[in-house]
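Coordinates as given in my_file23.cif (mmCIF, C-alpha atoms (C1' of nucleotides)):
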```cif
data_entry
#
loop_
_atom_site.group_PDB
_atom_site.id
_atom_site.type_symbol
_atom_site.label_atom_id
_atom_site.label_comp_id
_atom_site.auth_asym_id
_atom_site.auth_seq_id
_atom_site.Cartn_x
_atom_site.Cartn_y
_atom_site.Cartn_z
ATOM 1 C CA MET J 26 76.802 81.440 92.007
ATOM 2 C CA PHE J 27 79.741 79.996 93.914
ATOM 3 C CA GLU J 28 82.154 81.796 91.638
ATOM 4 C CA ILE J 29 80.520 85.117 92.494
ATOM 5 C CA CYS J 30 80.955 84.454 96.209
ATOM 6 C CA ALA J 31 84.587 83.512 95.691
ATOM 7 C CA GLY J 32 85.128 86.654 93.629
ATOM 8 C CA ALA J 33 83.535 88.808 96.335
ATOM 9 C CA ILE J 34 86.019 87.503 98.895
ATOM 10 C CA LEU J 35 89.019 87.605 96.578
ATOM 11 C CA THR J 36 88.438 91.187 95.435
ATOM 12 C CA GLN J 37 88.946 92.648 98.910
ATOM 13 C CA ASN J 38 91.347 95.575 98.436
ATOM 14 C CA THR J 39 92.516 94.031 95.188
ATOM 15 C CA ALA J 40 92.330 94.910 91.484
ATOM 16 C CA TRP J 41 89.730 92.797 89.687
ATOM 17 C CA ARG J 42 92.248 91.812 87.037
ATOM 18 C CA ASN J 43 94.198 89.875 89.643
ATOM 19 C CA VAL J 44 91.040 88.298 91.007
ATOM 20 C CA GLU J 45 90.261 86.974 87.525
ATOM 21 C CA ARG J 46 93.623 85.257 87.412
ATOM 22 C CA ALA J 47 92.924 83.532 90.707
ATOM 23 C CA LEU J 48 89.435 82.492 89.602
ATOM 24 C CA THR J 49 90.866 81.102 86.371
ATOM 25 C CA ALA J 50 93.414 79.135 88.367
ATOM 26 C CA LEU J 51 90.703 77.792 90.677
ATOM 27 C CA SER J 52 88.638 76.800 87.669
ATOM 28 C CA GLY J 53 91.608 75.125 85.993
ATOM 29 C CA ASP J 54 92.225 73.107 89.140
ATOM 30 C CA LYS J 55 88.525 72.154 89.349
ATOM 31 C CA LEU J 56 88.109 73.995 92.630
ATOM 32 C CA LEU J 57 85.062 76.145 91.925
ATOM 33 C CA ALA J 58 82.727 74.435 94.393
ATOM 34 C CA SER J 59 82.337 74.458 98.167
ATOM 35 C CA GLU J 60 83.025 70.724 98.489
ATOM 36 C CA LYS J 61 86.214 71.001 96.454
ATOM 37 C CA ILE J 62 87.690 73.910 98.366
ATOM 38 C CA ALA J 63 86.659 72.496 101.708
ATOM 39 C CA ALA J 64 88.521 69.299 100.851
ATOM 40 C CA ALA J 65 91.541 70.892 99.167
ATOM 41 C CA GLY J 66 94.882 71.347 100.959
ATOM 42 C CA TYR J 67 96.216 74.830 101.607
ATOM 43 C CA GLY J 68 99.172 74.358 99.285
ATOM 44 C CA ARG J 69 96.820 73.901 96.384
ATOM 45 C CA LEU J 70 94.730 76.919 97.396
ATOM 46 C CA TYR J 71 97.802 79.108 97.858
ATOM 47 C CA ARG J 72 98.988 78.284 94.344
ATOM 48 C CA ALA J 73 95.663 79.250 92.817
ATOM 49 C CA LEU J 74 95.063 82.366 94.912
ATOM 50 C CA ARG J 75 98.557 83.848 94.835
ATOM 51 C CA PRO J 76 97.830 86.304 91.973
ATOM 52 C CA ALA J 77 94.998 87.889 93.973
ATOM 53 C CA GLY J 78 97.287 88.898 96.846
ATOM 54 C CA TYR J 79 96.766 88.219 100.586
ATOM 55 C CA TYR J 80 96.634 84.629 99.417
ATOM 56 C CA ARG J 81 97.098 82.920 102.790
ATOM 57 C CA GLN J 82 94.399 85.038 104.392
ATOM 58 C CA LYS J 83 92.054 84.616 101.465
ATOM 59 C CA ALA J 84 92.593 80.851 101.319
ATOM 60 C CA ARG J 85 91.531 80.626 104.956
ATOM 61 C CA ARG J 86 88.528 82.904 104.420
ATOM 62 C CA LEU J 87 87.368 81.032 101.356
ATOM 63 C CA LYS J 88 87.760 77.687 103.080
ATOM 64 C CA ASP J 89 85.869 78.945 106.127
ATOM 65 C CA PHE J 90 83.035 80.134 103.907
ATOM 66 C CA CYS J 91 82.879 76.743 102.163
ATOM 67 C CA ARG J 92 82.971 74.737 105.361
ATOM 68 C CA TYR J 93 80.265 76.868 106.887
ATOM 69 C CA THR J 94 78.104 76.477 103.781
ATOM 70 C CA LEU J 95 78.413 72.686 103.815
ATOM 71 C CA LYS J 96 77.832 72.386 107.532
ATOM 72 C CA ALA J 97 75.002 74.895 108.022
ATOM 73 C CA HIS J 98 73.377 74.653 104.599
ATOM 74 C CA PRO J 99 73.919 71.234 103.062
ATOM 75 C CA GLU J 100 71.096 71.996 100.640
ATOM 76 C CA GLY J 101 73.527 74.292 98.826
ATOM 77 C CA LEU J 102 73.874 77.970 98.028
ATOM 78 C CA ARG J 103 70.666 78.148 96.021
ATOM 79 C CA GLY J 104 68.585 77.070 99.000
ATOM 80 C CA TRP J 105 70.556 79.099 101.512
ATOM 81 C CA PHE J 106 70.304 82.293 99.462
ATOM 82 C CA SER J 107 66.566 81.951 98.947
ATOM 83 C CA GLY J 108 65.961 82.873 102.590
ATOM 84 C CA ASN J 109 65.453 86.209 104.331
ATOM 85 C CA ALA J 110 67.985 88.852 103.286
ATOM 86 C CA GLU J 111 68.667 90.325 106.735
ATOM 87 C CA ALA J 112 69.132 86.913 108.320
ATOM 88 C CA LEU J 113 71.455 85.919 105.488
ATOM 89 C CA ARG J 114 73.435 89.118 105.938
ATOM 90 C CA GLU J 115 73.916 88.491 109.660
ATOM 91 C CA GLU J 116 75.056 84.967 108.922
ATOM 92 C CA LEU J 117 77.623 86.158 106.387
ATOM 93 C CA LEU J 118 78.900 88.856 108.743
ATOM 94 C CA SER J 119 79.444 86.286 111.469
ATOM 95 C CA LEU J 120 82.100 84.607 109.317
ATOM 96 C CA LYS J 121 85.698 85.754 109.762
ATOM 97 C CA GLY J 122 86.808 87.614 106.674
ATOM 98 C CA ILE J 123 83.389 88.691 105.479
ATOM 99 C CA GLY J 124 82.682 92.309 106.318
ATOM 100 C CA PRO J 125 79.788 94.539 105.233
ATOM 101 C CA GLU J 126 80.952 95.133 101.668
ATOM 102 C CA THR J 127 81.718 91.499 100.914
ATOM 103 C CA ALA J 128 78.436 90.425 102.501
ATOM 104 C CA ASP J 129 76.460 92.921 100.436
ATOM 105 C CA SER J 130 78.260 91.952 97.230
ATOM 106 C CA ILE J 131 77.243 88.356 97.839
ATOM 107 C CA LEU J 132 73.701 89.426 98.709
ATOM 108 C CA LEU J 133 73.286 91.570 95.587
ATOM 109 C CA TYR J 134 75.234 89.652 92.965
ATOM 110 C CA ALA J 135 74.899 86.041 94.098
ATOM 111 C CA ALA J 136 71.671 85.969 96.102
ATOM 112 C CA GLY J 137 69.788 88.627 94.144
ATOM 113 C CA LYS J 138 68.806 90.677 97.207
ATOM 114 C CA PRO J 139 68.363 94.449 96.922
ATOM 115 C CA LYS J 140 71.341 95.574 99.042
ATOM 116 C CA PHE J 141 73.249 98.657 97.892
ATOM 117 C CA VAL J 142 76.980 97.934 97.922
ATOM 118 C CA ILE J 143 79.151 100.720 99.330
ATOM 119 C CA ASP J 144 82.711 100.497 98.089
ATOM 120 C CA ALA J 145 85.755 102.743 97.818
ATOM 121 C CA TYR J 146 84.639 104.133 94.443
ATOM 122 C CA THR J 147 81.198 104.997 95.753
ATOM 123 C CA ARG J 148 82.635 106.882 98.723
ATOM 124 C CA ARG J 149 85.326 108.633 96.725
ATOM 125 C CA ILE J 150 82.876 109.850 94.105
ATOM 126 C CA PHE J 151 80.179 110.974 96.510
ATOM 127 C CA VAL J 152 82.567 112.683 98.882
ATOM 128 C CA ARG J 153 83.696 114.692 95.908
ATOM 129 C CA LEU J 154 80.069 115.455 95.145
ATOM 130 C CA GLY J 155 79.751 116.949 98.583
ATOM 131 C CA PHE J 156 78.587 114.029 100.701
ATOM 132 C CA PRO J 157 79.745 114.248 104.299
ATOM 133 C CA ASP J 158 82.667 111.890 104.699
ATOM 134 C CA ARG J 159 81.129 109.502 107.178
ATOM 135 C CA ARG J 160 83.137 106.415 107.908
ATOM 136 C CA GLU J 161 80.252 104.241 109.001
ATOM 137 C CA TYR J 162 79.219 101.806 106.304
ATOM 138 C CA GLY J 163 75.631 101.703 107.540
ATOM 139 C CA VAL J 164 75.227 105.475 107.319
ATOM 140 C CA TRP J 165 76.279 105.420 103.687
ATOM 141 C CA GLN J 166 74.092 102.476 102.871
ATOM 142 C CA ARG J 167 70.971 103.889 104.483
ATOM 143 C CA ARG J 168 71.443 107.087 102.542
ATOM 144 C CA PHE J 169 71.160 105.171 99.281
ATOM 145 C CA GLU J 170 68.647 102.557 100.295
ATOM 146 C CA SER J 171 66.220 105.043 101.801
ATOM 147 C CA SER J 172 66.302 107.096 98.592
ATOM 148 C CA LEU J 173 66.065 104.333 96.024
ATOM 149 C CA PRO J 174 63.461 101.620 95.462
ATOM 150 C CA PRO J 175 64.713 98.170 96.573
ATOM 151 C CA ASP J 176 65.289 96.994 93.012
ATOM 152 C CA VAL J 177 68.075 94.500 92.286
ATOM 153 C CA ARG J 178 68.443 95.549 88.641
ATOM 154 C CA LEU J 179 68.697 99.200 89.660
ATOM 155 C CA TYR J 180 71.320 98.556 92.345
ATOM 156 C CA ASN J 181 73.293 96.440 89.908
ATOM 157 C CA GLU J 182 73.245 99.147 87.282
ATOM 158 C CA TYR J 183 74.134 101.995 89.635
ATOM 159 C CA HIS J 184 76.957 100.125 91.245
ATOM 160 C CA ALA J 185 78.318 99.128 87.840
ATOM 161 C CA LEU J 186 78.215 102.794 86.803
ATOM 162 C CA LEU J 187 80.050 103.849 89.925
ATOM 163 C CA VAL J 188 82.768 101.250 89.409
ATOM 164 C CA ALA J 189 83.171 102.000 85.714
ATOM 165 C CA LEU J 190 83.274 105.714 86.316
ATOM 166 C CA GLY J 191 85.418 105.434 89.401
ATOM 167 C CA LYS J 192 88.245 103.821 87.478
ATOM 168 C CA ASP J 193 88.619 107.020 85.444
ATOM 169 C CA TYR J 194 87.100 109.504 87.773
ATOM 170 C CA CYS J 195 89.456 109.012 90.672
ATOM 171 C CA LYS J 196 92.273 110.191 88.439
ATOM 172 C CA LYS J 197 90.576 113.381 87.358
ATOM 173 C CA THR J 198 90.334 116.603 89.266
ATOM 174 C CA ALA J 199 87.332 118.085 87.489
ATOM 175 C CA PRO J 200 83.934 117.821 89.162
ATOM 176 C CA LEU J 201 81.198 115.745 87.532
ATOM 177 C CA CYS J 202 79.725 117.455 84.510
ATOM 178 C CA GLY J 203 76.050 117.579 83.587
ATOM 179 C CA LYS J 204 76.468 114.757 81.074
ATOM 180 C CA CYS J 205 77.730 112.349 83.686
ATOM 181 C CA PRO J 206 75.781 109.056 83.633
ATOM 182 C CA LEU J 207 75.569 109.328 87.389
ATOM 183 C CA LYS J 208 73.382 112.379 87.092
ATOM 184 C CA ARG J 209 70.322 110.163 86.841
ATOM 185 C CA MET J 210 71.256 108.320 89.979
ATOM 186 C CA CYS J 211 71.975 111.541 91.818
ATOM 187 C CA ALA J 212 68.548 112.801 90.842
ATOM 188 C CA ALA J 213 66.910 109.575 91.955
ATOM 189 C CA ALA J 214 68.780 109.674 95.233
ATOM 190 C CA ARG J 215 67.956 113.369 95.681
ATOM 191 C CA ILE J 216 71.600 114.348 95.715
ATOM 192 C CA ASN J 217 72.379 117.842 94.418
ATOM 193 C "C1'" DA K 13 111.650 102.919 93.735
ATOM 194 C "C1'" DC K 14 107.808 104.116 94.864
ATOM 195 C "C1'" DC K 15 102.112 104.176 95.226
ATOM 196 C "C1'" DC K 16 97.786 102.037 94.799
ATOM 197 C "C1'" DA K 17 93.956 98.467 94.288
ATOM 198 C "C1'" DG K 18 85.873 97.296 94.522
ATOM 199 C "C1'" DG K 19 88.465 95.224 102.774
ATOM 200 C "C1'" DT K 20 88.849 92.974 107.132
ATOM 201 C "C1'" DG K 21 90.185 91.851 111.771
ATOM 202 C "C1'" DG K 22 93.075 92.679 115.661
ATOM 203 C "C1'" DC K 23 94.896 95.660 118.882
ATOM 204 C "C1'" DC K 24 95.222 99.941 121.488
ATOM 205 C "C1'" DC K 25 93.478 103.961 123.776
ATOM 206 C "C1'" DG X 2 84.027 104.817 118.846
ATOM 207 C "C1'" DG X 3 88.353 106.129 116.367
ATOM 208 C "C1'" DG X 4 93.288 105.418 114.828
ATOM 209 C "C1'" DC X 5 96.861 102.351 113.313
ATOM 210 C "C1'" DC X 6 98.639 98.020 111.282
ATOM 211 C "C1'" DA X 7 99.338 93.458 108.762
ATOM 212 C "C1'" DC X 8 97.953 91.075 104.991
ATOM 213 C "C1'" DA X 9 100.684 90.297 99.295
ATOM 214 C "C1'" DT X 10 100.520 90.388 94.349
ATOM 215 C "C1'" DG X 11 100.446 92.969 89.874
ATOM 216 C "C1'" DG X 12 100.325 97.364 87.366
ATOM 217 C "C1'" DG X 13 101.268 102.387 86.633
#
```
Structure translated into structure tokens:
Amino acid sequence: MFEICAGAILTQNTAWRNVERALTALSGDKLLASEKIAAAGYGRLYRALRPAGYYRQKARRLKDFCRYTLKAHPEGLRGWFSGNAEALREELLSLKGIGPETADSILLYAAGKPKFVIDAYTRRIFVRLGFPDRREYGVWQRRFESSLPPDVRLYNEYHALLVALGKDYCKKTAPLCGKCPLKRMCAAARIN
DNA sequence: ACCCAGGTGGCCC
DNA sequence: GGGCCACATGGG
């Protein structure tokens, strides 16, 4: 659970491959826990996080997240994440370095709350499908959440499809064909 | 030698 | 509210 939170912060504008390297380094240095990172010096964090880029910024953000967790929720992540989703989201957003996408990734993947994550792949793909190119995160999110049942498994699956497809799709110029695995989601979301 | 990657916050107008 | 910019490493 902690590793998922760390990954959500580390993957900001960064290829997942490089995030994995940083997570491996954290693991190797026995730093995959709030207490460990909160107590660790920045030099040690910099060394582990360097492969993920923005390593000074991310070290600070990760440490802030850990210190907040220990101070505000000494019962641990499990207890903290079992609370109300909207309250949890507001709490996460109040931390420096956690914006809407990172907060929702933590909510969906670590806390198991039905929040639809809007990322660069999602926008890129749906703009190409004819979605109006709105910049506001909340506008995008409401579009999905008001069309889909609040089901964690479903959101997980759809987001995974978008990411998997996005890695190829963003390089292609052809529109989505009828066999596209996203067709089902488009139908469910009443798109096209 | 470029350009980009599953963002975010700060600053300016 | 919108338009820049810094942040940093690894891969194409």
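Residue-level contacts from chain J to chain X at 6 Å, counting only C-alpha atoms (C1' of nucleotides), read Pro76, Gly78 and Tyr79 of chain J.
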Please dump the current selection as an mmCIF file, keeping the file's coordinate frame; keep C-alpha atoms.
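File produced: again30.cif:
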```cif
data_model
loop_
_atom_site.group_PDB
_atom_site.id
_atom_site.type_symbol
_atom_site.label_atom_id
_atom_site.label_comp_id
_atom_site.auth_asym_id
_atom_site.auth_seq_id
_atom_site.Cartn_x
_atom_site.Cartn_y
_atom_site.Cartn_z
ATOM 1 C CA PRO J 76 97.830 86.304 91.973
ATOM 2 C CA GLY J 78 97.287 88.898 96.846
ATOM 3 C CA TYR J 79 96.766 88.219 100.586
#
```
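Atom to atom, atom CA of J:Ser172 and atom CA of J:Pro139 stand 12.9 Å apart.
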Practice item. Give the residues of chain K that lie within 7 Å of chain J; count all atoms listed in the file, and format the answer as a PyMOL selection string. Key: chain K and resi 17-20
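The coordinates place atom CA of J:Ala65 at 27.3 Å from atom CA of J:Ser107.
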Review point. What does the distance from atom CA of J:Asp129 to atom C1' of K:DC24 come to in Å, to one decimal?
Key: 29.1 Å
Please put the answer as lines of an AutoDock Vina configuration file: centre and edge lengths, in Å with one decimal, of a box along x, y and z that encloses all listed atoms of stretch 109-126 of chain J plus 4 Å on each side.
```
center_x = 76.1
center_y = 89.9
center_z = 106.6
size_x = 29.4
size_y = 18.5
size_z = 17.8
```
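Among J:Ala47, J:Arg160, J:Ile62, J:Met26, the residue with the shortest atom-to-atom distance to J:Leu132, counting only C-alpha atoms, is J:Met26.
The shortest atom-to-atom distance to J:Asp89, with all atoms listed in the file taken into account, belongs to J:Glu60 out of J:Glu45, J:Glu60, J:Asp193, J:Asp176.
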Point to revise | Surrounding residues of stretch 69-73 of chain J excluding itself and chain neighbours under 2 positions, 7 Å, all atoms listed in the file, as a list of chain:residue names | key: J:Ala47, J:Ala50, J:Leu51, J:Ala65, J:Gly66, J:Tyr67, J:Arg75, J:Tyr80, J:Arg81, J:Ala84
